[in-house]
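To be precise, the following lines are upload_8.cif, and they hold mmCIF, C-alpha atoms, pLDDT in the B column; chains and numbers go by the auth columns.
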data_run
#
loop_
_atom_site.group_PDB
_atom_site.id
_atom_site.type_symbol
_atom_site.label_atom_id
_atom_site.label_comp_id
_atom_site.label_asym_id
_atom_site.label_seq_id
_atom_site.Cartn_x
_atom_site.Cartn_y
_atom_site.Cartn_z
_atom_site.B_iso_or_equiv
_atom_site.auth_seq_id
_atom_site.auth_asym_id
ATOM 1 C CA MET A 1 5.012 -8.544 -37.730 68.00 1362 A
ATOM 2 C CA ALA A 2 6.536 -11.990 -37.155 78.00 1363 A
ATOM 3 C CA GLY A 3 8.338 -10.615 -34.090 81.00 1364 A
ATOM 4 C CA ARG A 4 5.098 -9.329 -32.579 82.00 1365 A
ATOM 5 C CA SER A 5 3.346 -12.610 -33.283 85.00 1366 A
ATOM 6 C CA LEU A 6 6.172 -14.468 -31.573 87.00 1367 A
ATOM 7 C CA ILE A 7 5.878 -12.220 -28.488 87.00 1368 A
ATOM 8 C CA TYR A 8 2.102 -12.805 -28.293 85.00 1369 A
ATOM 9 C CA ALA A 9 2.579 -16.547 -28.755 87.00 1370 A
ATOM 10 C CA VAL A 10 5.279 -16.822 -26.083 87.00 1371 A
ATOM 11 C CA ALA A 11 3.283 -14.696 -23.619 86.00 1372 A
ATOM 12 C CA SER A 12 0.141 -16.724 -24.256 83.00 1373 A
ATOM 13 C CA ILE A 13 1.981 -20.036 -23.881 87.00 1374 A
ATOM 14 C CA LEU A 14 3.640 -18.794 -20.682 82.00 1375 A
ATOM 15 C CA GLN A 15 0.245 -17.831 -19.252 79.00 1376 A
ATOM 16 C CA LYS A 16 -1.260 -21.190 -20.178 79.00 1377 A
ATOM 17 C CA LEU A 17 1.706 -23.206 -18.909 82.00 1378 A
ATOM 18 C CA SER A 18 2.307 -21.179 -15.755 80.00 1379 A
ATOM 19 C CA SER A 19 0.817 -23.864 -13.513 77.00 1380 A
ATOM 20 C CA LEU A 20 2.958 -26.531 -15.142 85.00 1381 A
ATOM 21 C CA ILE A 21 6.101 -24.381 -14.978 83.00 1382 A
ATOM 22 C CA LEU A 22 5.511 -23.546 -11.313 82.00 1383 A
ATOM 23 C CA LEU A 23 4.404 -27.075 -10.331 85.00 1384 A
ATOM 24 C CA PRO A 24 7.859 -28.146 -9.037 87.00 1385 A
ATOM 25 C CA ILE A 25 7.994 -25.040 -6.831 82.00 1386 A
ATOM 26 C CA TYR A 26 4.467 -25.562 -5.545 81.00 1387 A
ATOM 27 C CA THR A 27 4.971 -29.253 -4.782 83.00 1388 A
ATOM 28 C CA ARG A 28 8.220 -28.472 -2.973 84.00 1389 A
ATOM 29 C CA LEU A 29 6.745 -25.680 -0.872 80.00 1390 A
ATOM 30 C CA LEU A 30 3.162 -26.847 -0.299 81.00 1391 A
ATOM 31 C CA THR A 31 1.790 -29.978 1.326 84.00 1392 A
ATOM 32 C CA PRO A 32 -0.760 -31.947 -0.755 87.00 1393 A
ATOM 33 C CA GLU A 33 -3.574 -30.431 1.326 83.00 1394 A
ATOM 34 C CA GLU A 34 -2.260 -26.884 0.836 81.00 1395 A
ATOM 35 C CA TYR A 35 -1.761 -27.487 -2.883 84.00 1396 A
ATOM 36 C CA GLY A 36 -5.347 -28.735 -3.162 85.00 1397 A
ATOM 37 C CA TYR A 37 -6.670 -25.615 -1.455 83.00 1398 A
ATOM 38 C CA PHE A 38 -4.381 -23.450 -3.563 82.00 1399 A
ATOM 39 C CA ASN A 39 -5.722 -24.989 -6.801 85.00 1400 A
ATOM 40 C CA LEU A 40 -9.309 -24.623 -5.630 87.00 1401 A
ATOM 41 C CA ILE A 41 -8.755 -20.968 -4.738 86.00 1402 A
ATOM 42 C CA VAL A 42 -7.065 -20.269 -8.094 85.00 1403 A
ATOM 43 C CA THR A 43 -9.866 -22.002 -10.013 89.00 1404 A
ATOM 44 C CA LEU A 44 -12.561 -20.028 -8.189 88.00 1405 A
ATOM 45 C CA LEU A 45 -10.646 -16.773 -8.701 89.00 1406 A
ATOM 46 C CA MET A 46 -10.406 -17.476 -12.438 90.00 1407 A
ATOM 47 C CA LEU A 47 -14.160 -18.067 -12.540 93.00 1408 A
ATOM 48 C CA GLY A 48 -14.813 -14.876 -10.552 93.00 1409 A
ATOM 49 C CA GLY A 49 -12.417 -12.948 -12.785 93.00 1410 A
ATOM 50 C CA ALA A 50 -14.207 -14.156 -15.907 94.00 1411 A
ATOM 51 C CA ILE A 51 -17.542 -13.082 -14.448 94.00 1412 A
ATOM 52 C CA ALA A 52 -16.210 -9.680 -13.359 94.00 1413 A
ATOM 53 C CA ALA A 53 -14.550 -9.043 -16.741 95.00 1414 A
ATOM 54 C CA LEU A 54 -18.016 -9.078 -18.337 93.00 1415 A
ATOM 55 C CA GLY A 55 -16.468 -10.122 -21.671 93.00 1416 A
ATOM 56 C CA MET A 56 -15.077 -6.612 -22.036 94.00 1417 A
ATOM 57 C CA GLU A 57 -11.702 -7.887 -23.212 93.00 1418 A
ATOM 58 C CA TYR A 58 -13.347 -8.903 -26.491 93.00 1419 A
ATOM 59 C CA ALA A 59 -15.098 -5.552 -26.817 92.00 1420 A
ATOM 60 C CA VAL A 60 -11.820 -3.720 -26.151 92.00 1421 A
ATOM 61 C CA VAL A 61 -10.042 -5.699 -28.862 89.00 1422 A
ATOM 62 C CA ARG A 62 -12.887 -5.011 -31.265 87.00 1423 A
ATOM 63 C CA PHE A 63 -13.496 -1.325 -30.570 87.00 1424 A
ATOM 64 C CA CYS A 64 -10.072 -0.066 -29.531 86.00 1425 A
ATOM 65 C CA HIS A 65 -8.130 -1.254 -32.553 81.00 1426 A
ATOM 66 C CA PRO A 66 -6.733 1.796 -34.392 79.00 1427 A
ATOM 67 C CA SER A 67 -8.451 0.847 -37.653 75.00 1428 A
ATOM 68 C CA VAL A 68 -11.949 0.511 -36.185 64.00 1429 A
ATOM 69 C CA ASN A 69 -14.564 3.215 -36.413 60.00 1430 A
ATOM 70 C CA ILE A 70 -16.744 2.989 -33.287 53.00 1431 A
ATOM 71 C CA LYS A 71 -19.805 4.203 -35.189 57.00 1432 A
ATOM 72 C CA GLY A 72 -20.094 0.692 -36.519 53.00 1433 A
ATOM 73 C CA ASN A 73 -18.992 0.505 -40.118 52.00 1434 A
ATOM 74 C CA GLY A 74 -15.517 -0.759 -39.158 50.00 1435 A
ATOM 75 C CA GLU A 75 -13.834 1.150 -41.943 44.00 1436 A
ATOM 76 C CA GLY A 76 -11.243 3.876 -41.780 40.00 1437 A
ATOM 77 C CA SER A 77 -9.237 5.222 -38.925 50.00 1438 A
ATOM 78 C CA GLY A 78 -10.918 5.144 -35.527 69.00 1439 A
ATOM 79 C CA ASP A 79 -11.355 8.316 -33.547 79.00 1440 A
ATOM 80 C CA PRO A 80 -8.849 8.054 -30.658 84.00 1441 A
ATOM 81 C CA ARG A 81 -11.012 10.184 -28.352 86.00 1442 A
ATOM 82 C CA ARG A 82 -14.036 7.939 -28.849 86.00 1443 A
ATOM 83 C CA GLN A 83 -11.905 4.863 -28.360 88.00 1444 A
ATOM 84 C CA ALA A 84 -10.449 6.350 -25.167 89.00 1445 A
ATOM 85 C CA LYS A 85 -13.977 7.037 -23.893 91.00 1446 A
ATOM 86 C CA PHE A 86 -15.018 3.496 -24.772 91.00 1447 A
ATOM 87 C CA TYR A 87 -11.978 2.023 -23.029 92.00 1448 A
ATOM 88 C CA THR A 88 -12.568 4.182 -19.948 94.00 1449 A
ATOM 89 C CA ALA A 89 -16.201 3.060 -19.805 94.00 1450 A
ATOM 90 C CA ALA A 90 -15.219 -0.592 -20.275 94.00 1451 A
ATOM 91 C CA TYR A 91 -12.538 -0.333 -17.589 94.00 1452 A
ATOM 92 C CA ALA A 92 -14.923 1.408 -15.167 96.00 1453 A
ATOM 93 C CA SER A 93 -17.571 -1.282 -15.782 96.00 1454 A
ATOM 94 C CA VAL A 94 -15.103 -4.068 -15.093 96.00 1455 A
ATOM 95 C CA LEU A 95 -13.761 -2.303 -12.004 96.00 1456 A
ATOM 96 C CA SER A 96 -17.314 -1.833 -10.698 96.00 1457 A
ATOM 97 C CA ALA A 97 -18.185 -5.485 -11.317 96.00 1458 A
ATOM 98 C CA ALA A 98 -14.952 -6.640 -9.650 95.00 1459 A
ATOM 99 C CA VAL A 99 -15.529 -4.433 -6.597 95.00 1460 A
ATOM 100 C CA ILE A 100 -19.145 -5.575 -6.220 96.00 1461 A
ATOM 101 C CA LEU A 101 -18.223 -9.251 -6.638 94.00 1462 A
ATOM 102 C CA THR A 102 -15.338 -8.949 -4.171 93.00 1463 A
ATOM 103 C CA ILE A 103 -17.513 -7.211 -1.583 94.00 1464 A
ATOM 104 C CA VAL A 104 -20.317 -9.776 -1.937 93.00 1465 A
ATOM 105 C CA LEU A 105 -17.895 -12.715 -1.700 91.00 1466 A
ATOM 106 C CA THR A 106 -16.135 -11.136 1.279 90.00 1467 A
ATOM 107 C CA LEU A 107 -19.350 -10.435 3.187 92.00 1468 A
ATOM 108 C CA THR A 108 -20.816 -13.870 2.472 91.00 1469 A
ATOM 109 C CA GLY A 109 -17.494 -15.663 3.028 88.00 1470 A
ATOM 110 C CA PRO A 110 -18.344 -16.982 6.486 87.00 1471 A
ATOM 111 C CA LEU A 111 -21.443 -18.626 4.968 90.00 1472 A
ATOM 112 C CA TYR A 112 -19.871 -20.431 2.014 88.00 1473 A
ATOM 113 C CA ALA A 113 -16.293 -20.918 3.234 86.00 1474 A
ATOM 114 C CA PRO A 114 -17.068 -23.889 5.527 88.00 1475 A
ATOM 115 C CA LEU A 115 -18.809 -25.651 2.627 89.00 1476 A
ATOM 116 C CA ILE A 116 -16.159 -25.032 -0.027 86.00 1477 A
ATOM 117 C CA PHE A 117 -13.069 -24.853 2.194 83.00 1478 A
ATOM 118 C CA PRO A 118 -13.584 -27.240 5.108 83.00 1479 A
ATOM 119 C CA ASN A 119 -10.779 -27.192 7.701 77.00 1480 A
ATOM 120 C CA PHE A 120 -9.641 -23.823 6.360 75.00 1481 A
ATOM 121 C CA ASP A 121 -10.206 -20.403 7.901 74.00 1482 A
ATOM 122 C CA PHE A 122 -11.663 -17.712 5.675 75.00 1483 A
ATOM 123 C CA TYR A 123 -9.515 -15.043 7.305 75.00 1484 A
ATOM 124 C CA PRO A 124 -6.849 -14.117 6.243 74.00 1485 A
ATOM 125 C CA VAL A 125 -5.866 -16.443 3.377 74.00 1486 A
ATOM 126 C CA ILE A 126 -9.068 -16.512 1.341 78.00 1487 A
ATOM 127 C CA LEU A 127 -9.700 -12.841 2.083 77.00 1488 A
ATOM 128 C CA VAL A 128 -6.279 -11.977 0.649 77.00 1489 A
ATOM 129 C CA ALA A 129 -7.039 -14.143 -2.385 81.00 1490 A
ATOM 130 C CA LEU A 130 -10.324 -12.288 -2.886 84.00 1491 A
ATOM 131 C CA ALA A 131 -8.407 -9.009 -2.923 82.00 1492 A
ATOM 132 C CA SER A 132 -6.628 -10.281 -6.025 85.00 1493 A
ATOM 133 C CA LEU A 133 -10.052 -10.628 -7.658 87.00 1494 A
ATOM 134 C CA LEU A 134 -10.062 -6.835 -7.947 87.00 1495 A
ATOM 135 C CA PHE A 135 -6.987 -6.869 -10.163 89.00 1496 A
ATOM 136 C CA GLN A 136 -7.352 -9.994 -12.324 89.00 1497 A
ATOM 137 C CA PRO A 137 -10.222 -8.754 -14.561 93.00 1498 A
ATOM 138 C CA LEU A 138 -8.582 -5.326 -14.907 93.00 1499 A
ATOM 139 C CA THR A 139 -5.389 -7.030 -16.043 93.00 1500 A
ATOM 140 C CA VAL A 140 -7.278 -9.021 -18.671 92.00 1501 A
ATOM 141 C CA VAL A 141 -8.854 -5.864 -20.086 94.00 1502 A
ATOM 142 C CA TYR A 142 -5.535 -3.986 -20.092 94.00 1503 A
ATOM 143 C CA LEU A 143 -3.793 -6.862 -21.888 93.00 1504 A
ATOM 144 C CA ALA A 144 -6.605 -6.810 -24.466 93.00 1505 A
ATOM 145 C CA LEU A 145 -5.970 -3.103 -25.050 93.00 1506 A
ATOM 146 C CA LEU A 146 -2.241 -3.711 -25.529 93.00 1507 A
ATOM 147 C CA GLN A 147 -3.027 -6.459 -28.001 91.00 1508 A
ATOM 148 C CA ALA A 148 -5.584 -4.328 -29.876 90.00 1509 A
ATOM 149 C CA ARG A 149 -3.038 -1.534 -30.160 90.00 1510 A
ATOM 150 C CA SER A 150 -0.368 -3.977 -31.405 88.00 1511 A
ATOM 151 C CA MET A 151 1.872 -3.118 -28.459 92.00 1512 A
ATOM 152 C CA ALA A 152 3.543 -6.525 -28.414 92.00 1513 A
ATOM 153 C CA LYS A 153 6.586 -5.507 -26.400 93.00 1514 A
ATOM 154 C CA SER A 154 4.481 -3.969 -23.608 94.00 1515 A
ATOM 155 C CA TYR A 155 2.141 -6.975 -23.736 93.00 1516 A
ATOM 156 C CA GLY A 156 5.064 -9.372 -23.345 92.00 1517 A
ATOM 157 C CA ILE A 157 6.676 -7.402 -20.506 93.00 1518 A
ATOM 158 C CA TYR A 158 3.380 -7.027 -18.658 92.00 1519 A
ATOM 159 C CA SER A 159 2.570 -10.738 -19.097 89.00 1520 A
ATOM 160 C CA LEU A 160 6.013 -11.752 -17.852 89.00 1521 A
ATOM 161 C CA ALA A 161 5.728 -9.417 -14.846 89.00 1522 A
ATOM 162 C CA LEU A 162 2.311 -10.879 -14.058 86.00 1523 A
ATOM 163 C CA PHE A 163 3.723 -14.407 -14.249 84.00 1524 A
ATOM 164 C CA VAL A 164 6.609 -13.514 -11.911 86.00 1525 A
ATOM 165 C CA CYS A 165 4.287 -11.716 -9.462 84.00 1526 A
ATOM 166 C CA ASN A 166 1.863 -14.645 -9.294 78.00 1527 A
ATOM 167 C CA GLY A 167 4.661 -17.128 -8.665 77.00 1528 A
ATOM 168 C CA GLY A 168 6.341 -14.778 -6.201 79.00 1529 A
ATOM 169 C CA LEU A 169 3.115 -14.230 -4.261 75.00 1530 A
ATOM 170 C CA THR A 170 2.733 -17.973 -3.795 70.00 1531 A
ATOM 171 C CA VAL A 171 6.323 -18.369 -2.641 72.00 1532 A
ATOM 172 C CA PHE A 172 5.968 -15.340 -0.352 72.00 1533 A
ATOM 173 C CA SER A 173 2.764 -16.664 1.215 67.00 1534 A
ATOM 174 C CA ARG A 174 4.539 -19.933 1.987 65.00 1535 A
ATOM 175 C CA ALA A 175 7.638 -18.166 3.294 64.00 1536 A
ATOM 176 C CA ALA A 176 5.388 -16.005 5.492 59.00 1537 A
ATOM 177 C CA GLY A 177 4.193 -19.180 7.155 54.00 1538 A
ATOM 178 C CA PHE A 178 1.009 -20.145 5.283 55.00 1539 A
ATOM 179 C CA ARG A 179 -0.018 -23.427 6.867 53.00 1540 A
ATOM 180 C CA THR A 180 -3.072 -25.573 7.181 49.00 1541 A
ATOM 181 C CA SER A 181 -3.293 -27.402 10.445 44.00 1542 A
ATOM 182 C CA GLY A 182 -6.169 -29.178 12.062 43.00 1543 A
ATOM 183 C CA ASN A 183 -9.145 -26.929 11.630 38.00 1544 A
ATOM 184 C CA CYS A 184 -7.561 -23.796 10.244 37.00 1545 A
ATOM 185 C CA ALA A 185 -5.105 -22.108 7.947 39.00 1546 A
ATOM 186 C CA ARG A 186 -2.762 -19.629 9.557 37.00 1547 A
ATOM 187 C CA ILE A 187 -0.236 -17.061 8.456 37.00 1548 A
ATOM 188 C CA GLY A 188 2.819 -16.766 10.651 36.00 1549 A
ATOM 189 C CA ASP A 189 3.017 -20.278 12.139 37.00 1550 A
ATOM 190 C CA SER A 190 6.328 -22.025 11.584 35.00 1551 A
#

Before anything else, please render the file you have as C-alpha cells.
Amino acid sequence: MAGRSLIYAVASILQKLSSLILLPIYTRLLTPEEYGYFNLIVTLLMLGGAIAALGMEYAVVRFCHPSVNIKGNGEGSGDPRRQAKFYTAAYASVLSAAVILTIVLTLTGPLYAPLIFPNFDFYPVILVALASLLFQPLTVVYLALLQARSMAKSYGIYSLALFVCNGGLTVFSRAAGFRTSGNCARIGDS
C-alpha cells in the first residue's frame, strides 16, 4: 500500500511541477513572446479540458471502485458489468463534450483569436492545440479509473508517458519551426 501511495504521490507531483521542470527547456527554445502565447494556450486548454471533463473523473473514482455498489448503498462488492457500463457512459459523455467544444472553438476561432491571440495566426498552431483538447479530458477520466481500481503502476507509467509526450510535443513544435513574427505564427520558417 505504501508503494502505491508513493507512485500516486510522485505522479501527482510530476504533473503539478511539469511546468517548473520544463521551464529551462521552454525558456531556451522559446522567445518571451512565444512562451507567453504558449502559457496562454496551455491555460485555456486546461480550462476547456475541465469543462469538457464534466466532473466525470470524480464520478468514475466514486462509482468504479471495486468495493462500491452502484445501486447506491456503497456496501459490498460492486458489479463489474454495471461499473463497466457506467464507465463507458462517462467516457462517451466526456468524449461527446470534448468533440462539441473542440468543434465550436474551431469554427469560432477566427472570431475570438484576434482578441485573445493578437499578432498570432489561428491556423495552424492554435488549431493543433485545440486538437489536443479532444484527448486531455479523456486522459483525466482514464487516470481516475486507474486510480479507482488501485492500478498504481499503470497510473504512474501513463502519467510519466503523458509528461514526456507533452514536453516532447513542445520541443517538436519548436524544432519544426514554430515562430511568431510580425503579424503571424508560422510552422516551417527557420

Spell out the residues picked by the PyMOL selection byres ((chain A and resi 1515-1521) around 8) here, as a PDB file with C-alpha atoms, in the frame of the given file.
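Saved to out08.pdb:
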ATOM      1  CA  ILE A1368       5.878 -12.220 -28.488  1.00 87.00           C
ATOM      2  CA  TYR A1369       2.102 -12.805 -28.293  1.00 85.00           C
ATOM      3  CA  VAL A1371       5.279 -16.822 -26.083  1.00 87.00           C
ATOM      4  CA  ALA A1372       3.283 -14.696 -23.619  1.00 86.00           C
ATOM      5  CA  LEU A1375       3.640 -18.794 -20.682  1.00 82.00           C
ATOM      6  CA  GLN A1376       0.245 -17.831 -19.252  1.00 79.00           C
ATOM      7  CA  LEU A1504      -3.793  -6.862 -21.888  1.00 93.00           C
ATOM      8  CA  LEU A1507      -2.241  -3.711 -25.529  1.00 93.00           C
ATOM      9  CA  GLN A1508      -3.027  -6.459 -28.001  1.00 91.00           C
ATOM     10  CA  MET A1512       1.872  -3.118 -28.459  1.00 92.00           C
ATOM     11  CA  ALA A1513       3.543  -6.525 -28.414  1.00 92.00           C
ATOM     12  CA  LYS A1514       6.586  -5.507 -26.400  1.00 93.00           C
ATOM     13  CA  ALA A1522       5.728  -9.417 -14.846  1.00 89.00           C
ATOM     14  CA  LEU A1523       2.311 -10.879 -14.058  1.00 86.00           C
ATOM     15  CA  PHE A1524       3.723 -14.407 -14.249  1.00 84.00           C
ATOM     16  CA  VAL A1525       6.609 -13.514 -11.911  1.00 86.00           C
TER      17      VAL A1525
END

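For the atom pair formed by atom CA of A:Leu1495 and atom CA of A:Leu1408, the distance is 12.8 Å, given to one decimal.
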
Set up a box along x, y and z of the file covering all listed atoms of stretch 1363-1370 of chain A, add 3 Å on every one of the six sides, and write the centre and edge lengths in Å to one decimal, as AutoDock Vina command-line options.
--center_x 5.2 --center_y -12.9 --center_z -32.7 --size_x 12.2 --size_y 13.2 --size_z 14.9

Which residue of A:Tyr1448, A:Tyr1473, A:Phe1478, A:Tyr1387 approaches A:Ala1505 most closely, using only C-alpha atoms: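 For A:Ala1505, the nearest of the candidates is A:Tyr1448.
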
Given the PyMOL selection byres ((chain A and resi 1399) around 12), the residues it picks as a PDB file with C-alpha atoms, in the coordinates of the input:
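This is the output file part14.pdb:
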ATOM      1  CA  SER A1380       0.817 -23.864 -13.513  1.00 77.00           C
ATOM      2  CA  LEU A1384       4.404 -27.075 -10.331  1.00 85.00           C
ATOM      3  CA  TYR A1387       4.467 -25.562  -5.545  1.00 81.00           C
ATOM      4  CA  THR A1388       4.971 -29.253  -4.782  1.00 83.00           C
ATOM      5  CA  LEU A1390       6.745 -25.680  -0.872  1.00 80.00           C
ATOM      6  CA  LEU A1391       3.162 -26.847  -0.299  1.00 81.00           C
ATOM      7  CA  THR A1392       1.790 -29.978   1.326  1.00 84.00           C
ATOM      8  CA  PRO A1393      -0.760 -31.947  -0.755  1.00 87.00           C
ATOM      9  CA  GLU A1394      -3.574 -30.431   1.326  1.00 83.00           C
ATOM     10  CA  GLU A1395      -2.260 -26.884   0.836  1.00 81.00           C
ATOM     11  CA  TYR A1396      -1.761 -27.487  -2.883  1.00 84.00           C
ATOM     12  CA  GLY A1397      -5.347 -28.735  -3.162  1.00 85.00           C
ATOM     13  CA  TYR A1398      -6.670 -25.615  -1.455  1.00 83.00           C
ATOM     14  CA  ASN A1400      -5.722 -24.989  -6.801  1.00 85.00           C
ATOM     15  CA  LEU A1401      -9.309 -24.623  -5.630  1.00 87.00           C
ATOM     16  CA  ILE A1402      -8.755 -20.968  -4.738  1.00 86.00           C
ATOM     17  CA  VAL A1403      -7.065 -20.269  -8.094  1.00 85.00           C
ATOM     18  CA  THR A1404      -9.866 -22.002 -10.013  1.00 89.00           C
ATOM     19  CA  LEU A1405     -12.561 -20.028  -8.189  1.00 88.00           C
ATOM     20  CA  LEU A1406     -10.646 -16.773  -8.701  1.00 89.00           C
ATOM     21  CA  PHE A1478     -13.069 -24.853   2.194  1.00 83.00           C
ATOM     22  CA  PHE A1481      -9.641 -23.823   6.360  1.00 75.00           C
ATOM     23  CA  VAL A1486      -5.866 -16.443   3.377  1.00 74.00           C
ATOM     24  CA  ILE A1487      -9.068 -16.512   1.341  1.00 78.00           C
ATOM     25  CA  ALA A1490      -7.039 -14.143  -2.385  1.00 81.00           C
ATOM     26  CA  LEU A1530       3.115 -14.230  -4.261  1.00 75.00           C
ATOM     27  CA  THR A1531       2.733 -17.973  -3.795  1.00 70.00           C
ATOM     28  CA  VAL A1532       6.323 -18.369  -2.641  1.00 72.00           C
ATOM     29  CA  SER A1534       2.764 -16.664   1.215  1.00 67.00           C
ATOM     30  CA  ARG A1535       4.539 -19.933   1.987  1.00 65.00           C
ATOM     31  CA  PHE A1539       1.009 -20.145   5.283  1.00 55.00           C
ATOM     32  CA  ARG A1540      -0.018 -23.427   6.867  1.00 53.00           C
ATOM     33  CA  THR A1541      -3.072 -25.573   7.181  1.00 49.00           C
ATOM     34  CA  ALA A1546      -5.105 -22.108   7.947  1.00 39.00           C
TER      35      ALA A1546
END

By how many Å are atom CA of A:Arg1423 and atom CA of A:Leu1491 apart?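 These atoms are spaced 29.4 Å apart.
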
I would like the residues chosen by the PyMOL selection byres ((chain A and resi 1415) around 10) on the shown file; could you give them as a CSV table (one decimal) with C-alpha atoms, in the coordinates of the input?
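Now in expr.csv:
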chain,number,residue,atom,x,y,z
A,1410,GLY,CA,-12.4,-12.9,-12.8
A,1411,ALA,CA,-14.2,-14.2,-15.9
A,1412,ILE,CA,-17.5,-13.1,-14.4
A,1413,ALA,CA,-16.2,-9.7,-13.4
A,1414,ALA,CA,-14.6,-9.0,-16.7
A,1416,GLY,CA,-16.5,-10.1,-21.7
A,1417,MET,CA,-15.1,-6.6,-22.0
A,1418,GLU,CA,-11.7,-7.9,-23.2
A,1419,TYR,CA,-13.3,-8.9,-26.5
A,1420,ALA,CA,-15.1,-5.6,-26.8
A,1451,ALA,CA,-15.2,-0.6,-20.3
A,1454,SER,CA,-17.6,-1.3,-15.8
A,1455,VAL,CA,-15.1,-4.1,-15.1
A,1458,ALA,CA,-18.2,-5.5,-11.3
A,1459,ALA,CA,-15.0,-6.6,-9.6
A,1498,PRO,CA,-10.2,-8.8,-14.6
A,1502,VAL,CA,-8.9,-5.9,-20.1

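Going from atom CA of A:Asn1527 to atom CA of A:Ala1453 covers 24.0 Å.
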
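Using all atoms listed in the file, the nearest neighbour of A:Thr1500 within the list A:Leu1456, A:Ala1363, A:Leu1378, A:Ala1370 is A:Leu1456.
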
Between A:Ala1450, A:Leu1472, A:Leu1383, A:Leu1462, which residue has the minimum interatomic distance to A:Cys1425, considering only C-alpha atoms?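 Checking each of A:Ala1450, A:Leu1472, A:Leu1383, A:Leu1462 against A:Cys1425, counting only C-alpha atoms, the winner is A:Ala1450.
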
Near-A:Arg1510 list (7 Å; all atoms listed in the file; drop same-chain fewer than 3 positions) as a ChimeraX atom specification: /A:1426-1427,1506-1507

When distances are computed from only C-alpha atoms, which of A:Ser1457, A:Pro1471, A:Ala1509, A:Phe1496 shows the smallest separation from A:Gln1444?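 Among A:Ser1457, A:Pro1471, A:Ala1509, A:Phe1496, it is A:Ala1509 that comes nearest to A:Gln1444.
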
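In terms of minimum interatomic distance to A:Gly1528, A:Ile1386 ranks closest within A:Met1407, A:Ile1386, A:Val1460, A:Leu1476, counting all atoms listed in the file.
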